[in-house]
file structure_14.cif (mmCIF, C-alpha atoms)
data_protein
#
loop_
_atom_site.label_atom_id
_atom_site.label_comp_id
_atom_site.auth_asym_id
_atom_site.auth_seq_id
_atom_site.Cartn_x
_atom_site.Cartn_y
_atom_site.Cartn_z
CA MET G 1 -0.70 -17.47 5.98
CA TYR G 2 -3.10 -14.54 5.76
CA ASP G 3 -4.12 -11.57 3.63
CA PRO G 4 -3.16 -8.24 5.32
CA LEU G 5 -6.14 -6.46 3.73
CA GLU G 6 -8.61 -9.01 5.07
CA LEU G 7 -6.99 -8.89 8.50
CA ALA G 8 -7.16 -5.08 8.52
CA ALA G 9 -10.90 -5.20 7.79
CA LYS G 10 -11.46 -7.63 10.68
CA LEU G 11 -9.35 -5.53 13.04
CA GLU G 12 -11.20 -2.36 12.15
CA ASN G 13 -14.37 -3.90 13.59
CA ILE G 14 -12.52 -4.39 16.87
CA VAL G 15 -10.33 -1.30 17.30
CA VAL G 16 -12.42 1.37 15.56
CA GLN G 17 -15.83 2.80 16.48
CA GLY G 18 -16.73 5.65 14.13
CA ASP G 19 -13.96 8.20 14.60
CA LEU G 20 -12.82 6.59 17.87
CA ARG G 21 -9.70 4.41 17.89
CA LYS G 22 -8.22 2.11 20.53
CA TYR G 23 -4.91 3.08 22.15
CA TYR G 24 -2.97 1.13 24.76
CA ARG G 25 -0.72 4.06 25.74
CA LEU G 26 -1.94 7.61 25.48
CA ILE G 27 1.42 9.38 25.49
CA ARG G 28 5.17 8.89 25.79
CA LYS G 29 8.23 10.98 24.98
CA ASP G 30 10.83 9.27 22.77
CA ARG G 31 14.37 9.91 21.54
CA TRP G 32 13.66 8.81 17.96
CA TYR G 33 13.94 11.44 15.18
CA GLY G 34 15.81 13.67 17.60
CA GLY G 35 12.79 13.80 19.92
CA ILE G 36 9.14 12.96 19.35
CA CYS G 37 5.86 12.61 21.27
CA THR G 38 4.03 9.34 20.66
CA SER G 39 0.58 7.81 21.20
CA ASP G 40 0.43 4.02 20.81
CA CYS G 41 -2.56 2.50 19.02
CA VAL G 42 -4.01 -1.02 19.06
CA GLY G 43 -4.32 -3.19 15.97
CA CYS G 44 -1.85 -4.20 13.23
CA ASN G 45 -2.53 -6.14 10.03
CA LEU G 46 0.95 -7.69 9.88
CA ARG G 47 2.33 -10.36 12.21
CA CYS G 48 6.06 -9.62 12.05
CA VAL G 49 8.18 -11.99 14.09
CA PHE G 50 10.44 -9.12 15.27
CA CYS G 51 7.55 -6.97 16.55
CA TRP G 52 8.17 -5.44 19.99
CA SER G 53 4.45 -4.94 20.75
CA ARG G 54 3.32 -8.44 19.87
CA LYS G 55 1.34 -8.94 23.09
CA VAL G 56 -0.94 -6.00 22.34
CA ARG G 57 -1.09 -6.87 18.63
CA GLU G 58 -2.42 -10.35 19.36
CA SER G 59 -5.05 -9.30 21.92
CA PRO G 60 -6.85 -6.27 20.45
CA GLN G 61 -10.14 -7.13 22.15
CA GLU G 62 -8.58 -7.00 25.62
CA SER G 63 -6.11 -4.17 25.00
CA GLY G 64 -6.48 -0.44 25.21
CA THR G 65 -9.14 2.24 25.50
CA PHE G 66 -11.09 4.12 22.83
CA TYR G 67 -10.08 7.74 22.31
CA ALA G 68 -11.44 10.49 20.08
CA PRO G 69 -9.14 12.35 17.66
CA GLN G 70 -9.32 15.41 19.91
CA ASP G 71 -8.05 13.34 22.87
CA ILE G 72 -5.01 12.19 20.90
CA PHE G 73 -4.36 15.67 19.54
CA GLN G 74 -4.47 17.20 23.02
CA ALA G 75 -2.20 14.51 24.50
CA LEU G 76 0.39 14.88 21.72
CA THR G 77 0.47 18.69 21.71
CA LYS G 78 0.56 18.88 25.51
CA CYS G 79 3.61 16.59 25.48
CA ALA G 80 5.22 18.64 22.70
CA LYS G 81 4.77 21.89 24.62
CA ARG G 82 6.02 20.41 27.88
CA TYR G 83 9.24 19.04 26.39
CA ASN G 84 9.70 21.60 23.58
CA ILE G 85 9.44 18.91 20.92
CA GLY G 86 8.40 19.67 17.34
CA GLN G 87 7.41 16.19 16.12
CA LEU G 88 4.44 13.93 16.81
CA ARG G 89 3.41 10.41 15.82
CA ILE G 90 1.04 7.49 16.37
CA SER G 91 2.93 4.22 16.70
CA GLY G 92 2.73 0.89 18.53
CA ASN G 93 0.67 -0.90 15.87
CA GLU G 94 -0.66 0.24 12.44
CA PRO G 95 -2.01 3.84 12.43
CA THR G 96 -3.59 3.64 8.95
CA ILE G 97 -6.35 1.34 10.24
CA GLY G 98 -9.34 3.61 10.86
CA LYS G 99 -9.03 6.40 8.28
CA ALA G 100 -11.68 8.67 9.80
CA HIS G 101 -9.82 8.81 13.11
CA LEU G 102 -6.39 9.32 11.54
CA PHE G 103 -7.54 11.99 9.11
CA GLU G 104 -9.22 13.96 11.89
CA VAL G 105 -6.02 13.85 13.96
CA LEU G 106 -4.08 15.08 10.92
CA LYS G 107 -6.57 17.91 10.34
CA LEU G 108 -6.08 19.08 13.91
CA ILE G 109 -2.30 18.89 13.66
CA ASP G 110 -2.41 20.94 10.46
CA THR G 111 -3.60 23.87 12.62
CA THR G 112 -0.30 23.77 14.54
CA PRO G 113 3.42 24.15 13.69
CA TYR G 114 4.09 20.51 14.61
CA ARG G 115 5.28 17.87 12.15
CA PHE G 116 3.45 14.54 12.18
CA ILE G 117 5.37 11.42 11.15
CA LEU G 118 3.06 8.65 9.99
CA GLU G 119 4.85 5.35 10.57
CA THR G 120 3.15 2.68 8.49
CA ASN G 121 3.73 -0.68 6.83
CA GLY G 122 2.03 0.83 3.77
CA THR G 123 -0.24 -2.10 2.95
CA LEU G 124 -3.41 0.02 3.16
CA ILE G 125 -2.12 3.02 1.20
CA ASP G 126 -3.81 2.58 -2.14
CA LYS G 127 -4.27 5.38 -4.66
CA ASP G 128 -7.28 6.89 -2.86
CA TYR G 129 -5.58 6.76 0.54
CA ALA G 130 -2.48 8.50 -0.84
CA GLU G 131 -4.66 11.16 -2.46
CA GLU G 132 -6.24 11.93 0.92
CA LEU G 133 -2.86 12.05 2.67
CA ALA G 134 -1.64 14.59 0.13
CA LYS G 135 -4.07 17.14 1.61
CA PHE G 136 -2.14 17.45 4.90
CA LYS G 137 0.70 19.97 4.93
CA ASN G 138 2.34 18.95 8.24
CA LEU G 139 2.58 15.27 7.33
CA HIS G 140 5.59 13.08 6.54
CA VAL G 141 5.10 9.36 5.89
CA ARG G 142 7.67 6.71 6.79
CA VAL G 143 6.88 3.42 5.02
CA SER G 144 8.56 0.51 6.78
CA ILE G 145 9.11 -2.30 4.26
CA LYS G 146 9.27 -5.74 5.85
CA GLY G 147 12.00 -7.44 3.86
CA THR G 148 13.66 -7.06 0.48
CA ASN G 149 11.46 -9.43 -1.54
CA PRO G 150 8.15 -11.36 -1.34
CA GLN G 151 9.69 -14.52 0.13
CA GLU G 152 11.56 -12.64 2.86
CA PHE G 153 8.44 -10.59 3.61
CA SER G 154 6.38 -13.76 4.02
CA ARG G 155 8.98 -15.43 6.24
CA LEU G 156 9.13 -12.40 8.55
CA SER G 157 5.44 -11.47 8.61
CA GLY G 158 3.65 -14.75 7.94
CA ALA G 159 1.54 -13.07 5.23
CA TYR G 160 1.06 -14.26 1.66
CA PRO G 161 4.18 -13.44 -0.41
CA GLU G 162 2.12 -11.60 -3.03
CA SER G 163 1.02 -9.11 -0.34
CA TYR G 164 4.55 -7.69 -0.45
CA GLN G 165 3.58 -5.76 -3.56
CA LEU G 166 1.13 -3.70 -1.46
CA GLN G 167 4.10 -2.06 0.26
CA LEU G 168 5.83 -1.20 -3.01
CA ASN G 169 2.53 0.11 -4.39
CA ALA G 170 2.32 2.45 -1.39
CA LEU G 171 5.64 4.00 -2.34
CA LYS G 172 4.45 4.48 -5.91
CA ASN G 173 1.13 5.98 -4.81
CA LEU G 174 2.73 8.40 -2.36
CA SER G 175 5.28 9.46 -4.96
CA GLU G 176 2.63 10.10 -7.60
CA GLU G 177 0.52 12.14 -5.17
CA ARG G 178 3.62 14.09 -4.09
CA VAL G 179 3.22 13.25 -0.41
CA SER G 180 6.30 13.90 1.73
CA PHE G 181 7.63 10.42 2.51
CA HIS G 182 10.61 8.09 2.62
CA PRO G 183 11.02 4.30 2.65
CA ALA G 184 12.61 2.32 5.46
CA ILE G 185 13.70 -1.30 5.11
CA MET G 186 14.33 -4.04 7.67
CA LEU G 187 17.76 -5.46 6.69
CA SER G 188 18.61 -7.71 9.65
CA PHE G 189 17.61 -10.80 7.69
CA SER G 190 18.73 -9.88 4.15
CA THR G 191 21.65 -10.91 1.94
CA LEU G 192 23.74 -8.35 0.08
CA GLN G 193 22.30 -9.59 -3.22
CA ASP G 194 18.75 -9.20 -1.92
CA ILE G 195 19.52 -5.64 -0.81
CA LYS G 196 20.99 -4.82 -4.22
CA GLN G 197 17.89 -6.11 -6.00
CA PHE G 198 15.60 -4.21 -3.64
CA LYS G 199 17.40 -0.94 -4.32
CA SER G 200 17.00 -1.59 -8.02
CA ALA G 201 13.24 -1.99 -7.49
CA LEU G 202 13.20 1.33 -5.64
CA ARG G 203 14.89 3.09 -8.55
CA GLU G 204 12.20 1.78 -10.88
CA ILE G 205 9.53 3.44 -8.70
CA HIS G 206 11.45 6.73 -8.48
CA PRO G 207 15.18 7.48 -8.87
CA SER G 208 15.33 9.45 -5.60
CA LEU G 209 14.03 6.68 -3.34
CA GLU G 210 17.34 4.86 -3.02
CA ASN G 211 18.99 7.99 -1.64
CA SER G 212 16.25 8.54 0.95
CA LEU G 213 16.17 4.90 2.07
CA GLU G 214 16.40 4.41 5.84
CA GLU G 215 18.02 1.19 7.01
CA GLU G 216 16.32 -0.62 9.90
CA TYR G 217 17.79 -3.37 12.07
CA VAL G 218 16.14 -5.50 14.71
CA PHE G 219 16.51 -4.43 18.33
CA LEU G 220 16.74 -7.47 20.60
CA TYR G 221 14.36 -6.59 23.39
CA PRO G 222 13.93 -9.73 25.53
CA GLN G 223 10.54 -10.60 24.06
CA VAL G 224 11.80 -10.04 20.50
CA ALA G 225 14.82 -12.30 21.03
CA LYS G 226 12.49 -14.97 22.41
CA GLN G 227 10.14 -14.68 19.42
CA LEU G 228 12.96 -14.98 16.91
CA LYS G 229 14.44 -18.01 18.66
CA LYS G 230 11.06 -19.73 18.74
CA ALA G 231 10.59 -19.08 15.02
CA GLY G 232 14.09 -20.35 14.22
CA ILE G 233 15.03 -17.05 12.58
CA LYS G 234 18.47 -15.60 13.29
CA PRO G 235 19.33 -12.01 12.32
CA THR G 236 22.65 -11.36 10.63
CA ILE G 237 22.79 -7.87 12.17
CA SER G 238 21.02 -6.84 15.39
CA TYR G 239 21.44 -4.53 18.36
CA GLY G 240 20.63 -4.69 22.04
CA PRO G 241 18.26 -1.98 23.32
CA ARG G 242 21.12 -0.33 25.24
CA ASN G 243 23.58 -0.46 22.34
CA ILE G 244 21.63 1.16 19.51
CA PRO G 245 23.93 3.28 17.28
CA GLU G 246 23.17 6.99 17.28
CA GLU G 247 22.60 6.99 13.51
CA LEU G 248 19.65 4.60 13.98
CA ILE G 249 17.89 6.81 16.55
#

call {"tool": "encode", "arguments": {"input": "structure_14.cif", "output": "structure tokens"}}
result
Amino acid sequence: MYDPLELAAKLENIVVQGDLRKYYRLIRKDRWYGGICTSDCVGCNLRCVFCWSRKVRESPQESGTFYAPQDIFQALTKCAKRYNIGQLRISGNEPTIGKAHLFEVLKLIDTTPYRFILETNGTLIDKDYAEELAKFKNLHVRVSIKGTNPQEFSRLSGAYPESYQLQLNALKNLSEERVSFHPAIMLSFSTLQDIKQFKSALREIHPSLENSLEEEYVFLYPQVAKQLKKAGIKPTISYGPRNIPEELI
């Protein structure tokens, strides 16, 4: 097992150089959120068994190229203009690693009409981080919770069970700083009782969070199916990449 905060610190020495950040794919157009332009970064501090970019995640030294915030901003906005898309994001791994780079990208996007969706596992969003995020007007944060409880989180990510609380703390910190955000939860491996208890925990953080909760389910890309089989973990609900329901896109 490992500590996600310690792993993030180690990764930052590999994938961040000042305000430069490593990316393995500069730009792609996606159907998610009704249409979004995406840059894919290198480096994640969780080791989720259902991760679709595991190859890049496990070889940060050999993966990607360093880009400045201006490079990412230009790639994202060029894509948005070309395809008439109003939403942007950094995905692929964990965008909150390397605050200086991320914050500079967000500053640039705040000069435009585009909406930036920060997809994050939330483990690094402490009180200070949330306070900084609250400064950006074009930002919406999507916190993807990896399981409904500490034990499930540890089984899926390999991290210490107590690290699960970092994700719930992120929701609390974002709520208190009045950042635009919503929680998402991976439910492919959860029981109905676990889901019920998780929703109760959400209500304790803020009554509105249960209503804004986004349900996530594993998509069985070939490499993901192979990873799950090797780990001996079988999802109760899953979808093939060509059979994803419209409501999950």

call {"tool": "resolve_selection", "arguments": {"input": "structure_14.cif", "expression": "the PyMOL selection byres ((chain G and resi 174-181) around 12)", "output": "ChimeraX atom specification"}}
result
/G:115-120,122,124-144,167-173,182-184,202,204-209,212-214

call {"tool": "residues_around", "arguments": {"input": "structure_14.cif", "residues": "stretch 32-41 of chain G", "least_positions_apart": "5", "cutoff": "9 Å", "atoms": "all atoms listed in the file", "output": "MDAnalysis selection string"}}
result
chainID G and resid 15 21:27 64 72 75:77 79:80 83 85:95 248:249

call {"tool": "resolve_selection", "arguments": {"input": "structure_14.cif", "expression": "the PyMOL selection byres ((chain G and resi 48-53) around 9)", "output": "list in words"}}
result
Leu46, Arg47, Arg54, Lys55, Val56, Arg57, Glu58, Gly92, Asn93, Lys146, Phe153, Arg155, Leu156, Ser157, Gly158, Ala159, Val218, Phe219, Leu220, Tyr221, Gln223, Val224, Ala225, Gln227, Leu228, Ala231 and Ile233 of chain G

call {"tool": "resolve_selection", "arguments": {"input": "structure_14.cif", "expression": "the PyMOL selection byres ((chain G and resi 69) around 8)", "output": "MDAnalysis selection string"}}
result
chainID G and resid 19:21 67:68 70:73 101:102 104:105

call {"tool": "atom_distance", "arguments": {"input": "structure_14.cif", "atom1": "atom CA of G:Ser188", "atom2": "atom CA of G:Ala8"}}
result
25.9 Å

call {"tool": "closest_residue", "arguments": {"input": "structure_14.cif", "among": "G:Gly43, G:Pro161, G:Gly98, G:Pro113", "to": "G:Met1", "atoms": "all atoms listed in the file"}}
result
G:Pro161

call {"tool": "atom_distance", "arguments": {"input": "structure_14.cif", "atom1": "atom CA of G:Leu166", "atom2": "atom CA of G:Glu247"}}
result
28.3 Å

call {"tool": "atom_distance", "arguments": {"input": "structure_14.cif", "atom1": "atom CA of G:Arg242", "atom2": "atom CA of G:Asn211"}}
result
28.2 Å

call {"tool": "closest_residue", "arguments": {"input": "structure_14.cif", "among": "G:Tyr217, G:Tyr160, G:Phe66, G:Phe198", "to": "G:Asp3", "atoms": "all atoms listed in the file"}}
result
G:Tyr160

call {"tool": "closest_residue", "arguments": {"input": "structure_14.cif", "among": "G:Lys230, G:Lys29, G:Ser63, G:Asn45", "to": "G:Lys10", "atoms": "only C-alpha atoms"}}
result
G:Asn45

call {"tool": "closest_residue", "arguments": {"input": "structure_14.cif", "among": "G:Asn121, G:Ser200, G:Gln165, G:Ser190", "to": "G:Pro150", "atoms": "only C-alpha atoms"}}
result
G:Gln165
